[in-house]
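What follows is the content of target-v1.cif (mmCIF, C-alpha atoms).
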data_structure
#
loop_
_atom_site.label_atom_id
_atom_site.label_comp_id
_atom_site.auth_asym_id
_atom_site.auth_seq_id
_atom_site.Cartn_x
_atom_site.Cartn_y
_atom_site.Cartn_z
CA MET A 1 88.95 101.37 88.00
CA ASP A 2 87.01 102.18 91.16
CA LEU A 3 88.77 101.27 94.41
CA PHE A 4 85.92 99.24 95.87
CA ASP A 5 85.29 97.42 92.58
CA THR A 6 88.98 96.59 92.41
CA ILE A 7 89.02 95.25 95.96
CA ASP A 8 85.87 93.19 95.26
CA SER A 9 87.14 91.67 92.05
CA ARG A 10 90.71 90.90 93.13
CA ARG A 11 90.82 87.18 93.75
CA SER A 12 93.67 84.67 93.93
CA VAL A 13 93.88 83.13 90.48
CA LYS A 14 95.86 79.95 89.88
CA HIS A 15 95.81 79.50 86.10
CA TYR A 16 97.60 81.77 83.65
CA ASP A 17 98.14 82.05 79.93
CA ALA A 18 101.80 81.20 79.43
CA ASN A 19 101.78 83.02 76.09
CA ALA A 20 100.41 86.30 77.42
CA SER A 21 102.72 89.15 78.22
CA LEU A 22 102.53 92.16 80.48
CA PRO A 23 103.88 95.32 78.86
CA GLU A 24 106.75 97.05 80.65
CA THR A 25 104.71 100.23 81.06
CA ASP A 26 102.12 98.27 83.03
CA PHE A 27 104.80 96.63 85.13
CA GLN A 28 106.30 100.00 85.98
CA ARG A 29 102.91 101.42 86.85
CA ILE A 30 102.22 98.51 89.17
CA MET A 31 105.58 98.89 90.89
CA GLU A 32 105.24 102.65 91.29
CA ALA A 33 101.96 101.94 93.06
CA ALA A 34 103.60 99.23 95.18
CA ILE A 35 106.07 101.62 96.76
CA LYS A 36 103.40 104.15 97.67
CA ALA A 37 102.32 101.89 100.52
CA PRO A 38 103.44 103.17 103.91
CA THR A 39 106.36 101.83 105.90
CA SER A 40 107.28 102.44 109.48
CA PHE A 41 109.57 105.49 109.74
CA ASN A 42 109.64 105.42 105.91
CA ILE A 43 112.23 102.63 106.05
CA GLN A 44 111.00 101.00 102.82
CA HIS A 45 112.12 97.49 103.73
CA TRP A 46 110.74 96.03 100.52
CA ARG A 47 112.84 94.52 97.75
CA PHE A 48 111.21 92.89 94.72
CA VAL A 49 112.95 90.03 92.98
CA ARG A 50 111.61 89.94 89.45
CA VAL A 51 112.19 86.46 88.11
CA ARG A 52 112.34 86.35 84.32
CA ASP A 53 114.97 83.67 83.77
CA GLY A 54 113.08 80.58 82.57
CA ALA A 55 115.43 78.05 84.17
CA LEU A 56 115.19 79.80 87.52
CA ARG A 57 111.40 79.86 87.24
CA GLN A 58 111.48 76.08 86.72
CA GLN A 59 113.66 75.62 89.80
CA ILE A 60 111.33 77.77 91.87
CA ARG A 61 108.35 75.83 90.55
CA ALA A 62 109.99 72.60 91.69
CA ALA A 63 110.35 74.18 95.16
CA ALA A 64 106.68 75.25 95.06
CA TRP A 65 104.86 71.94 94.88
CA ASN A 66 105.04 72.18 91.09
CA GLN A 67 102.38 74.88 90.90
CA ALA A 68 102.03 75.92 87.26
CA GLN A 69 101.44 79.62 87.90
CA VAL A 70 105.11 79.95 88.89
CA THR A 71 106.19 79.41 85.30
CA ASP A 72 103.01 80.39 83.43
CA ALA A 73 102.33 83.84 84.85
CA SER A 74 103.70 86.79 82.90
CA GLU A 75 105.54 88.07 85.97
CA LEU A 76 106.82 86.29 89.04
CA LEU A 77 107.82 88.56 91.89
CA VAL A 78 109.36 87.35 95.09
CA ILE A 79 108.73 90.09 97.58
CA VAL A 80 111.38 90.15 100.25
CA GLY A 81 112.06 92.45 103.16
CA ASP A 82 115.39 93.73 104.40
CA ALA A 83 115.11 93.23 108.14
CA ARG A 84 118.18 95.46 108.62
CA ALA A 85 116.98 98.31 106.41
CA TRP A 86 116.55 100.44 109.53
CA ALA A 87 120.32 100.33 110.05
CA ARG A 88 121.42 101.04 106.48
CA GLN A 89 122.02 104.79 106.24
CA PRO A 90 118.58 105.66 107.60
CA GLU A 91 119.28 109.36 106.96
CA ARG A 92 118.39 108.77 103.33
CA TYR A 93 114.80 107.84 104.23
CA TRP A 94 114.42 111.38 105.56
CA ARG A 95 116.71 113.27 103.20
CA HIS A 96 113.98 115.59 101.95
CA ALA A 97 112.75 116.41 105.45
CA ASP A 98 114.02 119.44 107.32
CA ALA A 99 117.16 118.86 109.36
CA ALA A 100 115.41 119.13 112.73
CA THR A 101 112.90 116.42 111.81
CA ARG A 102 115.59 114.18 110.38
CA ASP A 103 117.86 114.66 113.39
CA ALA A 104 115.01 113.71 115.70
CA LEU A 105 113.65 110.74 113.77
CA VAL A 106 116.81 108.93 112.77
CA PRO A 107 118.04 108.22 116.32
CA MET A 108 114.46 107.47 117.36
CA LEU A 109 114.04 104.76 114.74
CA GLN A 110 117.45 103.29 115.53
CA ASP A 111 116.55 103.05 119.21
CA PHE A 112 113.20 101.48 118.31
CA TYR A 113 114.63 98.64 116.22
CA ARG A 114 118.06 97.99 117.74
CA ASP A 115 118.31 94.60 119.48
CA ARG A 116 114.69 93.70 118.68
CA ASP A 117 115.08 90.94 116.12
CA TRP A 118 111.39 90.01 116.24
CA LEU A 119 110.35 93.59 115.47
CA GLN A 120 112.87 93.88 112.63
CA ARG A 121 111.39 90.77 111.07
CA ASP A 122 107.79 91.83 111.69
CA GLU A 123 108.54 95.14 110.01
CA ALA A 124 110.01 93.53 106.91
CA ILE A 125 106.95 91.29 106.56
CA ARG A 126 104.54 94.13 107.30
CA SER A 127 106.03 96.50 104.73
CA GLY A 128 106.22 93.86 102.03
CA ALA A 129 102.65 92.74 102.64
CA MET A 130 101.23 96.27 102.30
CA ALA A 131 103.17 96.71 99.05
CA ALA A 132 101.85 93.34 97.88
CA GLN A 133 98.28 94.48 98.38
CA ASN A 134 98.94 97.58 96.26
CA ILE A 135 100.50 95.37 93.58
CA MET A 136 97.55 92.98 93.46
CA LEU A 137 95.03 95.80 93.29
CA SER A 138 97.02 97.69 90.63
CA ALA A 139 97.37 94.56 88.53
CA LYS A 140 93.61 94.00 88.76
CA ALA A 141 92.88 97.61 87.78
CA LEU A 142 95.01 97.12 84.66
CA GLY A 143 93.20 93.91 83.71
CA TYR A 144 95.52 91.26 85.16
CA ASP A 145 95.10 88.74 87.92
CA SER A 146 97.47 87.66 90.62
CA ASN A 147 98.23 84.91 93.06
CA PRO A 148 99.94 85.58 96.37
CA MET A 149 101.83 82.47 97.49
CA ILE A 150 103.62 81.34 100.61
CA GLY A 151 103.02 77.60 100.13
CA PHE A 152 106.48 76.63 98.94
CA ASP A 153 109.84 75.59 100.34
CA ILE A 154 110.77 79.01 101.69
CA ASP A 155 114.37 78.07 102.52
CA GLU A 156 114.97 76.55 99.10
CA VAL A 157 113.57 79.58 97.28
CA GLY A 158 115.82 81.74 99.44
CA ARG A 159 118.82 79.69 98.31
CA LEU A 160 117.78 79.95 94.66
CA LEU A 161 117.55 83.74 94.98
CA LYS A 162 120.84 83.99 96.92
CA LEU A 163 118.83 85.83 99.51
CA PRO A 164 121.05 87.73 101.97
CA GLU A 165 120.99 86.37 105.54
CA ASP A 166 119.26 89.43 106.92
CA HIS A 167 116.45 89.47 104.33
CA VAL A 168 113.19 87.57 104.73
CA ILE A 169 110.77 86.26 102.14
CA VAL A 170 107.41 88.01 102.42
CA MET A 171 105.60 86.16 99.65
CA MET A 172 105.75 85.14 96.02
CA LEU A 173 103.36 86.87 93.65
CA ALA A 174 102.38 85.56 90.22
CA ILE A 175 100.82 88.19 87.94
CA GLY A 176 99.36 87.58 84.50
CA THR A 177 96.39 86.86 82.29
CA ALA A 178 93.96 84.37 83.79
CA THR A 179 92.81 81.35 81.81
CA SER A 180 90.25 80.29 84.41
CA PRO A 181 88.63 82.20 87.25
CA ALA A 182 89.36 81.96 90.94
CA TRP A 183 87.55 79.46 93.11
CA PRO A 184 84.40 80.86 94.74
CA ARG A 185 85.09 82.29 98.20
CA SER A 186 85.44 79.24 100.37
CA GLY A 187 84.32 80.28 103.82
CA GLN A 188 84.59 83.88 104.94
CA LEU A 189 84.23 84.61 108.63
CA ALA A 190 81.58 87.20 109.51
CA LEU A 191 82.68 90.70 110.44
CA ASP A 192 81.08 90.49 113.87
CA GLU A 193 83.35 87.54 114.64
CA LEU A 194 86.39 89.59 113.66
CA VAL A 195 85.73 93.01 115.17
CA VAL A 196 86.41 93.16 118.91
CA ALA A 197 84.89 96.02 120.92
CA ASP A 198 87.57 97.82 123.00
CA HIS A 199 89.40 94.73 124.25
CA PHE A 200 89.38 90.95 124.32
CA MET B 1 87.45 106.81 93.46
CA ASP B 2 89.99 105.51 90.98
CA LEU B 3 92.40 102.90 92.37
CA PHE B 4 95.58 104.66 91.27
CA ASP B 5 94.34 108.05 92.47
CA THR B 6 93.50 106.48 95.81
CA ILE B 7 96.94 104.90 96.12
CA ASP B 8 98.60 108.21 95.17
CA SER B 9 96.63 110.30 97.60
CA ARG B 10 96.73 107.99 100.63
CA ARG B 11 99.30 109.45 102.97
CA SER B 12 99.96 109.02 106.69
CA VAL B 13 98.17 111.89 108.37
CA LYS B 14 98.92 112.78 111.99
CA HIS B 15 96.33 115.46 112.84
CA TYR B 16 92.60 114.80 113.15
CA ASP B 17 89.47 116.71 113.98
CA ALA B 18 88.41 115.38 117.38
CA ASN B 19 84.83 116.57 116.73
CA ALA B 20 84.41 114.81 113.40
CA SER B 21 82.64 111.49 113.20
CA LEU B 22 82.68 108.61 110.79
CA PRO B 23 79.21 107.22 110.07
CA GLU B 24 78.66 103.56 110.84
CA THR B 25 77.82 102.80 107.21
CA ASP B 26 81.25 104.06 106.19
CA PHE B 27 82.92 102.03 108.92
CA GLN B 28 81.14 98.89 107.77
CA ARG B 29 82.08 99.54 104.16
CA ILE B 30 85.72 99.98 105.12
CA MET B 31 85.73 96.77 107.14
CA GLU B 32 83.99 94.75 104.43
CA ALA B 33 86.80 95.86 102.12
CA ALA B 34 89.41 94.98 104.74
CA ILE B 35 88.45 91.34 104.83
CA LYS B 36 88.57 90.97 101.06
CA ALA B 37 92.34 90.95 101.23
CA PRO B 38 93.81 87.50 100.71
CA THR B 39 95.14 85.25 103.45
CA SER B 40 97.20 82.12 103.17
CA PHE B 41 94.92 79.08 102.94
CA ASN B 42 92.05 81.51 103.65
CA ILE B 43 92.93 81.38 107.33
CA GLN B 44 91.79 85.00 107.98
CA HIS B 45 94.13 85.58 110.91
CA TRP B 46 92.98 89.18 111.32
CA ARG B 47 91.08 90.53 114.29
CA PHE B 48 90.24 94.22 114.59
CA VAL B 49 90.02 95.82 118.00
CA ARG B 50 87.83 98.88 117.61
CA VAL B 51 88.61 101.20 120.49
CA ARG B 52 85.78 103.57 121.29
CA ASP B 53 86.06 103.82 125.04
CA GLY B 54 87.53 107.25 125.78
CA ALA B 55 89.42 106.22 128.89
CA LEU B 56 91.02 103.32 127.05
CA ARG B 57 91.99 105.64 124.22
CA GLN B 58 93.73 107.88 126.73
CA GLN B 59 95.62 104.92 128.20
CA ILE B 60 96.70 103.82 124.73
CA ARG B 61 97.78 107.36 123.91
CA ALA B 62 99.96 107.38 127.01
CA ALA B 63 101.55 104.15 125.75
CA ALA B 64 102.06 105.75 122.30
CA TRP B 65 104.39 108.62 123.07
CA ASN B 66 101.33 110.79 123.66
CA GLN B 67 100.50 111.04 119.96
CA ALA B 68 97.26 113.03 119.61
CA GLN B 69 95.83 111.03 116.73
CA VAL B 70 95.20 108.13 119.14
CA THR B 71 92.45 110.07 120.87
CA ASP B 72 91.50 112.58 118.15
CA ALA B 73 90.83 110.26 115.21
CA SER B 74 87.22 109.19 114.69
CA GLU B 75 88.21 105.55 114.78
CA LEU B 76 91.13 103.76 116.38
CA LEU B 77 91.66 100.19 115.23
CA VAL B 78 94.29 97.92 116.64
CA ILE B 79 94.81 95.27 114.03
CA VAL B 80 95.94 92.02 115.57
CA GLY B 81 96.60 88.59 114.15
CA ASP B 82 95.74 85.24 115.65
CA ALA B 83 98.93 83.26 115.15
CA ARG B 84 97.03 80.07 115.98
CA ALA B 85 94.13 80.67 113.61
CA TRP B 86 95.43 77.82 111.43
CA ALA B 87 94.66 75.40 114.27
CA ARG B 88 91.21 76.66 115.22
CA GLN B 89 88.70 74.54 113.32
CA PRO B 90 90.33 75.18 109.94
CA GLU B 91 87.51 73.27 108.24
CA ARG B 92 85.37 76.39 108.52
CA TYR B 93 87.74 78.35 106.27
CA TRP B 94 86.84 75.88 103.52
CA ARG B 95 83.26 75.08 104.44
CA HIS B 96 81.85 76.25 101.08
CA ALA B 97 84.41 74.27 99.07
CA ASP B 98 83.68 70.80 97.81
CA ALA B 99 84.56 68.02 100.22
CA ALA B 100 87.52 66.73 98.19
CA THR B 101 89.17 70.17 98.15
CA ARG B 102 88.51 70.68 101.84
CA ASP B 103 89.79 67.26 102.78
CA ALA B 104 92.99 67.89 100.85
CA LEU B 105 93.65 71.44 102.01
CA VAL B 106 92.93 71.21 105.72
CA PRO B 107 95.62 68.63 106.53
CA MET B 108 97.98 70.40 104.13
CA LEU B 109 97.68 73.71 105.96
CA GLN B 110 98.02 72.03 109.34
CA ASP B 111 101.23 70.32 108.23
CA PHE B 112 102.52 73.61 106.83
CA TYR B 113 102.11 75.61 110.06
CA ARG B 114 102.52 73.01 112.81
CA ASP B 115 105.70 73.53 114.88
CA ARG B 116 106.77 76.57 112.85
CA ASP B 117 106.28 79.41 115.30
CA TRP B 118 108.08 81.92 113.09
CA LEU B 119 105.80 81.16 110.16
CA GLN B 120 102.69 81.36 112.31
CA ARG B 121 103.76 84.81 113.44
CA ASP B 122 104.78 85.94 109.94
CA GLU B 123 101.37 84.89 108.67
CA ALA B 124 99.48 86.84 111.32
CA ILE B 125 101.49 89.97 110.49
CA ARG B 126 101.18 89.40 106.75
CA SER B 127 97.40 88.95 106.77
CA GLY B 128 96.84 91.93 109.04
CA ALA B 129 99.07 94.17 106.93
CA MET B 130 97.24 93.35 103.69
CA ALA B 131 93.90 94.08 105.40
CA ALA B 132 95.38 97.33 106.72
CA GLN B 133 96.25 98.46 103.22
CA ASN B 134 92.66 97.83 102.10
CA ILE B 135 91.40 99.78 105.11
CA MET B 136 93.63 102.78 104.43
CA LEU B 137 92.68 102.86 100.75
CA SER B 138 88.97 102.43 101.48
CA ALA B 139 89.06 105.20 104.06
CA LYS B 140 90.75 107.49 101.54
CA ALA B 141 88.18 106.67 98.86
CA LEU B 142 85.43 107.68 101.30
CA GLY B 143 87.11 110.99 102.10
CA TYR B 144 88.98 110.11 105.30
CA ASP B 145 92.64 109.90 106.15
CA SER B 146 94.53 107.39 108.19
CA ASN B 147 97.71 106.84 110.11
CA PRO B 148 99.29 103.41 110.44
CA MET B 149 101.31 103.23 113.67
CA ILE B 150 103.73 100.82 115.25
CA GLY B 151 105.71 103.40 117.24
CA PHE B 152 104.26 102.68 120.65
CA ASP B 153 104.82 100.41 123.62
CA ILE B 154 103.60 97.24 121.96
CA ASP B 155 103.61 95.15 125.13
CA GLU B 156 101.70 97.76 127.09
CA VAL B 157 99.04 98.16 124.41
CA GLY B 158 98.71 94.38 124.37
CA ARG B 159 98.07 94.44 128.12
CA LEU B 160 95.50 97.22 127.78
CA LEU B 161 93.65 95.18 125.14
CA LYS B 162 93.90 91.94 127.16
CA LEU B 163 95.47 90.48 124.06
CA PRO B 164 95.52 86.67 124.13
CA GLU B 165 99.01 85.14 124.37
CA ASP B 166 98.85 83.67 120.89
CA HIS B 167 97.78 86.89 119.17
CA VAL B 168 100.23 89.48 117.84
CA ILE B 169 99.78 93.20 117.28
CA VAL B 170 100.07 94.04 113.58
CA MET B 171 99.62 97.80 113.83
CA MET B 172 97.41 100.53 115.17
CA LEU B 173 95.40 102.52 112.67
CA ALA B 174 93.86 105.94 113.29
CA ILE B 175 91.14 106.91 110.82
CA GLY B 176 89.37 110.23 110.63
CA THR B 177 89.05 113.72 109.21
CA ALA B 178 92.39 115.44 108.73
CA THR B 179 93.00 118.93 110.08
CA SER B 180 96.38 119.29 108.41
CA PRO B 181 97.95 117.43 105.52
CA ALA B 182 100.65 114.78 105.63
CA TRP B 183 104.30 115.73 105.51
CA PRO B 184 105.74 115.77 101.98
CA ARG B 185 107.31 112.43 101.01
CA SER B 186 110.58 112.43 102.89
CA GLY B 187 112.95 110.34 100.81
CA GLN B 188 111.64 107.62 98.55
CA LEU B 189 114.13 105.08 97.22
CA ALA B 190 114.17 104.71 93.44
CA LEU B 191 112.51 101.67 91.92
CA ASP B 192 115.72 100.52 90.28
CA GLU B 193 117.28 100.25 93.72
CA LEU B 194 114.38 98.10 94.90
CA VAL B 195 113.78 95.72 91.98
CA VAL B 196 116.31 92.89 91.80
CA ALA B 197 116.67 91.00 88.51
CA ASP B 198 116.36 87.23 89.07
CA HIS B 199 118.49 86.98 92.20
CA PHE B 200 120.71 88.91 94.59
#

Turn this file's structure into structure tokens for me.
Amino acid sequence: MDLFDTIDSRRSVKHYDANASLPETDFQRIMEAAIKAPTSFNIQHWRFVRVRDGALRQQIRAAAWNQAQVTDASELLVIVGDARAWARQPERYWRHADAATRDALVPMLQDFYRDRDWLQRDEAIRSGAMAAQNIMLSAKALGYDSNPMIGFDIDEVGRLLKLPEDHVIVMMLAIGTATSPAWPRSGQLALDELVVADHF
Amino acid sequence: MDLFDTIDSRRSVKHYDANASLPETDFQRIMEAAIKAPTSFNIQHWRFVRVRDGALRQQIRAAAWNQAQVTDASELLVIVGDARAWARQPERYWRHADAATRDALVPMLQDFYRDRDWLQRDEAIRSGAMAAQNIMLSAKALGYDSNPMIGFDIDEVGRLLKLPEDHVIVMMLAIGTATSPAWPRSGQLALDELVVADHF
């Protein structure tokens, strides 16, 4: 599917066929595309919790204002970011690089993130969000729809997932076969309101 | 260009032809694609600072470890997010919706973000990062390359852009015509290390 057509037709869809399934080959293709998004210093902060247990889906739905897509969609991913990924054996993110590059970059990235909690968190969110966009577009190109969600009890979902202390929730993503289309676009701001020339 | 081919071939490219240009029609097409990414409650936190002033580019380059792509790329975008966008006349984000939907959603989004500074910041980063992914893919599909950057003096670039207090820098993005290819992938983690079944 053409890139621009995919971007145009990807919309947030709320209603899914609970009886539809998403073949494993499609899931793998979507996830392989997800992790081709860039990350700062190749740190790959993203972790993808794939929720298939029905009881857990129900608990998450209860923590998500009872939104039906949480249980009805073929796949429910909770995208999380490891805010400490920069500190976990960062050599492995550069293991295929030449030694000189690796020896320069690894201390550089450690110096960049150390003691900057806000930047560690930003990075986890940023990486996960870029992967999410690849996931939504890939799902669309394979004939599925998706719904990115942050409107839920974030702390409660973290507890349900036994989320480690140093990980953050980026978003929840329902993926499946739509039973009704997205709402029409509700009020897009014009580009000339969004593009700033040189500085504010 | 096919979506999966675009995702595969988008890489972070560091070296650009300083004499190449990017026609305005291509820029507009890229930006129209950018703002088709989703945002929570359609808040559209993203703002795109398009830096074309040569002297300002030089100042930003000095604040970015002197990386040449800052001045050599045809376009330099600093993607920022308005962390307070949720509070700025949110009715307009739902102006084309029916009144009942708008009247339900606007107070809901205000309750969700009010007094949660961390979530307001997360959201600005998240929205900007999803738009960034659309920009990088769209640029690739039109024959350009890009380089997402966060390795720079973030505070100093904010000062140079006269960034409002309640806006956050999401990333800098160089877009242009490559003069040398990206580095080979340096150490990707395997999917089975990244996908977590049901919970940690």

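Those residues of chain B that fall within 6 Å of chain A when using all atoms listed in the file read Met1, Asp2, Leu3, Arg47, Phe48, Val49, Arg50, Val51, Tyr93, Trp94, Arg95, His96, Ala97, Arg126, Ala129, Met130, Gln133, Leu161, Lys162, Ser186, Gly187, Leu194, Val195, Val196, Ala197, Asp198, His199 and Phe200 of chain B.
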
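On the file presented, the PyMOL selection byres ((chain A and resi 84) around 8) picks out Asp82, Ala83, Ala85, Trp86, Ala87, Arg88, Gln120, Asp166 and His167 of chain A.
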
What separation in Å, quoted to one decimal, exists between CA of Thr71 (chain B) and CA of Asp145 (chain B)?
14.7 Å

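The gap separating CA of Val70 (chain B) from CA of Glu24 (chain B) is 19.1 Å, in Å to one decimal.
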
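A straight line drawn from CA of Arg116 (chain A) to CA of Ile154 (chain B) is 12.1 Å long.
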
Would you compute the box with edges along x, y and z of the file around region 106-115 of chain A, including every atom the file lists for it and 8 Å extra on each side, and give its centre and edge lengths in Å to one decimal, as lines of an AutoDock Vina configuration file?
center_x = 115.8
center_y = 101.8
center_z = 116.1
size_x = 21.1
size_y = 30.3
size_z = 22.7

Would you fill out region 144-174 of chain B with N, CA and C atoms and return it as a PDB file, in the frame of the given file?
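Output (rebuild_27.pdb):
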ATOM      1  N   TYR B 144      88.285 110.040 104.014  1.00  0.00           N
ATOM      2  CA  TYR B 144      88.980 110.110 105.300  1.00  0.00           C
ATOM      3  C   TYR B 144      90.487 109.938 105.091  1.00  0.00           C
ATOM      4  N   ASP B 145      91.217 110.193 106.158  1.00  0.00           N
ATOM      5  CA  ASP B 145      92.640 109.900 106.150  1.00  0.00           C
ATOM      6  C   ASP B 145      92.953 108.906 107.245  1.00  0.00           C
ATOM      7  N   SER B 146      94.170 108.426 107.226  1.00  0.00           N
ATOM      8  CA  SER B 146      94.530 107.390 108.190  1.00  0.00           C
ATOM      9  C   SER B 146      95.997 107.513 108.568  1.00  0.00           C
ATOM     10  N   ASN B 147      96.325 106.855 109.650  1.00  0.00           N
ATOM     11  CA  ASN B 147      97.710 106.840 110.110  1.00  0.00           C
ATOM     12  C   ASN B 147      98.038 105.446 110.650  1.00  0.00           C
ATOM     13  N   PRO B 148      98.836 104.701 109.921  1.00  0.00           N
ATOM     14  CA  PRO B 148      99.290 103.410 110.440  1.00  0.00           C
ATOM     15  C   PRO B 148     100.402 103.644 111.453  1.00  0.00           C
ATOM     16  N   MET B 149     100.338 102.981 112.594  1.00  0.00           N
ATOM     17  CA  MET B 149     101.310 103.230 113.670  1.00  0.00           C
ATOM     18  C   MET B 149     101.841 101.916 114.239  1.00  0.00           C
ATOM     19  N   ILE B 150     103.147 101.898 114.447  1.00  0.00           N
ATOM     20  CA  ILE B 150     103.730 100.820 115.250  1.00  0.00           C
ATOM     21  C   ILE B 150     104.640 101.414 116.337  1.00  0.00           C
ATOM     22  N   GLY B 151     104.860 102.726 116.246  1.00  0.00           N
ATOM     23  CA  GLY B 151     105.710 103.400 117.240  1.00  0.00           C
ATOM     24  C   GLY B 151     104.972 103.631 118.546  1.00  0.00           C
ATOM     25  N   PHE B 152     104.875 102.574 119.317  1.00  0.00           N
ATOM     26  CA  PHE B 152     104.260 102.680 120.650  1.00  0.00           C
ATOM     27  C   PHE B 152     104.765 101.514 121.475  1.00  0.00           C
ATOM     28  N   ASP B 153     104.407 101.497 122.736  1.00  0.00           N
ATOM     29  CA  ASP B 153     104.820 100.410 123.620  1.00  0.00           C
ATOM     30  C   ASP B 153     103.917  99.212 123.324  1.00  0.00           C
ATOM     31  N   ILE B 154     104.410  98.336 122.508  1.00  0.00           N
ATOM     32  CA  ILE B 154     103.600  97.240 121.960  1.00  0.00           C
ATOM     33  C   ILE B 154     103.111  96.311 123.079  1.00  0.00           C
ATOM     34  N   ASP B 155     104.003  96.033 124.028  1.00  0.00           N
ATOM     35  CA  ASP B 155     103.610  95.150 125.130  1.00  0.00           C
ATOM     36  C   ASP B 155     102.518  95.791 125.989  1.00  0.00           C
ATOM     37  N   GLU B 156     102.675  97.066 126.240  1.00  0.00           N
ATOM     38  CA  GLU B 156     101.700  97.760 127.090  1.00  0.00           C
ATOM     39  C   GLU B 156     100.331  97.839 126.405  1.00  0.00           C
ATOM     40  N   VAL B 157     100.324  98.131 125.116  1.00  0.00           N
ATOM     41  CA  VAL B 157      99.040  98.160 124.410  1.00  0.00           C
ATOM     42  C   VAL B 157      98.417  96.766 124.417  1.00  0.00           C
ATOM     43  N   GLY B 158      99.223  95.745 124.263  1.00  0.00           N
ATOM     44  CA  GLY B 158      98.710  94.380 124.370  1.00  0.00           C
ATOM     45  C   GLY B 158      98.044  94.121 125.716  1.00  0.00           C
ATOM     46  N   ARG B 159      98.668  94.614 126.785  1.00  0.00           N
ATOM     47  CA  ARG B 159      98.070  94.440 128.120  1.00  0.00           C
ATOM     48  C   ARG B 159      96.746  95.193 128.228  1.00  0.00           C
ATOM     49  N   LEU B 160      96.726  96.412 127.704  1.00  0.00           N
ATOM     50  CA  LEU B 160      95.500  97.220 127.780  1.00  0.00           C
ATOM     51  C   LEU B 160      94.342  96.550 127.032  1.00  0.00           C
ATOM     52  N   LEU B 161      94.688  95.838 125.945  1.00  0.00           N
ATOM     53  CA  LEU B 161      93.650  95.180 125.140  1.00  0.00           C
ATOM     54  C   LEU B 161      93.334  93.769 125.627  1.00  0.00           C
ATOM     55  N   LYS B 162      94.012  93.325 126.679  1.00  0.00           N
ATOM     56  CA  LYS B 162      93.900  91.940 127.160  1.00  0.00           C
ATOM     57  C   LYS B 162      94.140  90.955 126.016  1.00  0.00           C
ATOM     58  N   LEU B 163      95.156  91.268 125.248  1.00  0.00           N
ATOM     59  CA  LEU B 163      95.470  90.480 124.060  1.00  0.00           C
ATOM     60  C   LEU B 163      95.810  89.036 124.437  1.00  0.00           C
ATOM     61  N   PRO B 164      95.151  88.063 123.827  1.00  0.00           N
ATOM     62  CA  PRO B 164      95.520  86.670 124.130  1.00  0.00           C
ATOM     63  C   PRO B 164      96.999  86.405 123.782  1.00  0.00           C
ATOM     64  N   GLU B 165      97.589  85.499 124.510  1.00  0.00           N
ATOM     65  CA  GLU B 165      99.010  85.140 124.370  1.00  0.00           C
ATOM     66  C   GLU B 165      99.401  84.803 122.932  1.00  0.00           C
ATOM     67  N   ASP B 166      98.489  84.162 122.224  1.00  0.00           N
ATOM     68  CA  ASP B 166      98.850  83.670 120.890  1.00  0.00           C
ATOM     69  C   ASP B 166      98.438  84.633 119.774  1.00  0.00           C
ATOM     70  N   HIS B 167      98.084  85.850 120.157  1.00  0.00           N
ATOM     71  CA  HIS B 167      97.780  86.890 119.170  1.00  0.00           C
ATOM     72  C   HIS B 167      98.944  87.883 119.128  1.00  0.00           C
ATOM     73  N   VAL B 168      99.152  88.489 117.975  1.00  0.00           N
ATOM     74  CA  VAL B 168     100.230  89.480 117.840  1.00  0.00           C
ATOM     75  C   VAL B 168      99.630  90.798 117.330  1.00  0.00           C
ATOM     76  N   ILE B 169     100.234  91.886 117.759  1.00  0.00           N
ATOM     77  CA  ILE B 169      99.780  93.200 117.280  1.00  0.00           C
ATOM     78  C   ILE B 169     100.413  93.460 115.920  1.00  0.00           C
ATOM     79  N   VAL B 170      99.588  93.758 114.947  1.00  0.00           N
ATOM     80  CA  VAL B 170     100.070  94.040 113.580  1.00  0.00           C
ATOM     81  C   VAL B 170     100.353  95.527 113.426  1.00  0.00           C
ATOM     82  N   MET B 171      99.423  96.348 113.834  1.00  0.00           N
ATOM     83  CA  MET B 171      99.620  97.800 113.830  1.00  0.00           C
ATOM     84  C   MET B 171      98.401  98.449 114.449  1.00  0.00           C
ATOM     85  N   MET B 172      98.546  99.730 114.741  1.00  0.00           N
ATOM     86  CA  MET B 172      97.410 100.530 115.170  1.00  0.00           C
ATOM     87  C   MET B 172      97.093 101.435 113.988  1.00  0.00           C
ATOM     88  N   LEU B 173      95.810 101.756 113.837  1.00  0.00           N
ATOM     89  CA  LEU B 173      95.400 102.520 112.670  1.00  0.00           C
ATOM     90  C   LEU B 173      94.396 103.572 113.139  1.00  0.00           C
ATOM     91  N   ALA B 174      94.781 104.830 113.017  1.00  0.00           N
ATOM     92  CA  ALA B 174      93.860 105.940 113.290  1.00  0.00           C
ATOM     93  C   ALA B 174      93.204 106.325 111.978  1.00  0.00           C
TER      94      ALA B 174
END
